[in-house]
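Scroll down for the structure; my scribbles are underneath it.
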Amino acid sequence: MEKKRQYFNEPYLGNELTEDLKNSLLDKELNRMLTITEAAELLGVSCSSLRRYANEGKIKVYRVGSGKHRRFRKRDVLIYLEQNSEF
């Protein structure tokens with residue numbers, strides 16, 4: 001008899017995650033919004049440099065809240081990093 005996960009409604013496979021669940025978790029993480037500090041740390045640049053990149057249209061930025069704070073989608077930051085890496 002096959003055990004079922006009640007929460008995910010996925011077959012229980014011990015410690016292994018199903019491929020669909022892995023993809024779902026990865027997609028959720030890649031779509032996570034980062035603060036300017038988090039994104040700058042991931043890129044290895046200062047917040048000032050990241051603001052300049054955003055203002056120049058080099059990286060996609062989202063404005064949120066009444067103060068129009070900058071947020072960066074993790075997927076966009078990683079794409080920028082890959083395209084502008086010196087390796």
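Lettering and numbering for the structure tokens are positional, with chains as A, B, ... in the shown order, residues counted from 1 in each chain, and ligands counted from 1 in the shown order.
Near Glu38 (chain A), within 12 Å and counting only C-alpha atoms, sit A:Arg32, A:Met33, A:Leu43, A:Gly44, A:Val45, A:Ser46, A:Cys47, A:Leu50, A:Arg70, A:Arg71, A:Phe72, A:Arg73, A:Lys74, A:Val77, not including residues fewer than 5 positions from it in the same chain.
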Selection above as a file: C-alpha atoms, as an mmCIF file, in the first residue's frame:
```
data_model
loop_
_atom_site.group_PDB
_atom_site.id
_atom_site.type_symbol
_atom_site.label_atom_id
_atom_site.label_comp_id
_atom_site.auth_asym_id
_atom_site.auth_seq_id
_atom_site.Cartn_x
_atom_site.Cartn_y
_atom_site.Cartn_z
ATOM 1 C CA ARG A 32 11.247 35.772 -4.615
ATOM 2 C CA MET A 33 11.676 39.526 -4.385
ATOM 3 C CA LEU A 43 25.901 40.391 -7.198
ATOM 4 C CA GLY A 44 28.915 41.420 -5.135
ATOM 5 C CA VAL A 45 28.364 45.147 -5.761
ATOM 6 C CA SER A 46 27.392 48.120 -3.622
ATOM 7 C CA CYS A 47 23.806 49.310 -3.266
ATOM 8 C CA LEU A 50 22.901 48.436 -8.170
ATOM 9 C CA ARG A 70 13.264 49.009 -4.974
ATOM 10 C CA ARG A 71 12.853 45.254 -5.185
ATOM 11 C CA PHE A 72 14.625 42.840 -7.497
ATOM 12 C CA ARG A 73 13.341 39.442 -8.571
ATOM 13 C CA LYS A 74 15.959 36.807 -7.739
ATOM 14 C CA VAL A 77 19.480 39.126 -10.548
#
```
Spatial neighbours of region 57-63 of chain A, 12 Å, only C-alpha atoms, chain gap at least 2 places, as a ChimeraX atom specification: /A:33-36,39-40,43,49-55,65-81,83-84
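Taking CA of Leu42 (chain A) as the reference point, CA of Val64 (chain A) is found at 20.3 Å.
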To test your reading of the structure, identify every residue in region 20-87 of chain A that backbone DSSP assigns to helix (DSSP H, G or I), and report it as number ranges by chain. A: 20-30, 36-43, 47-55, 74-83
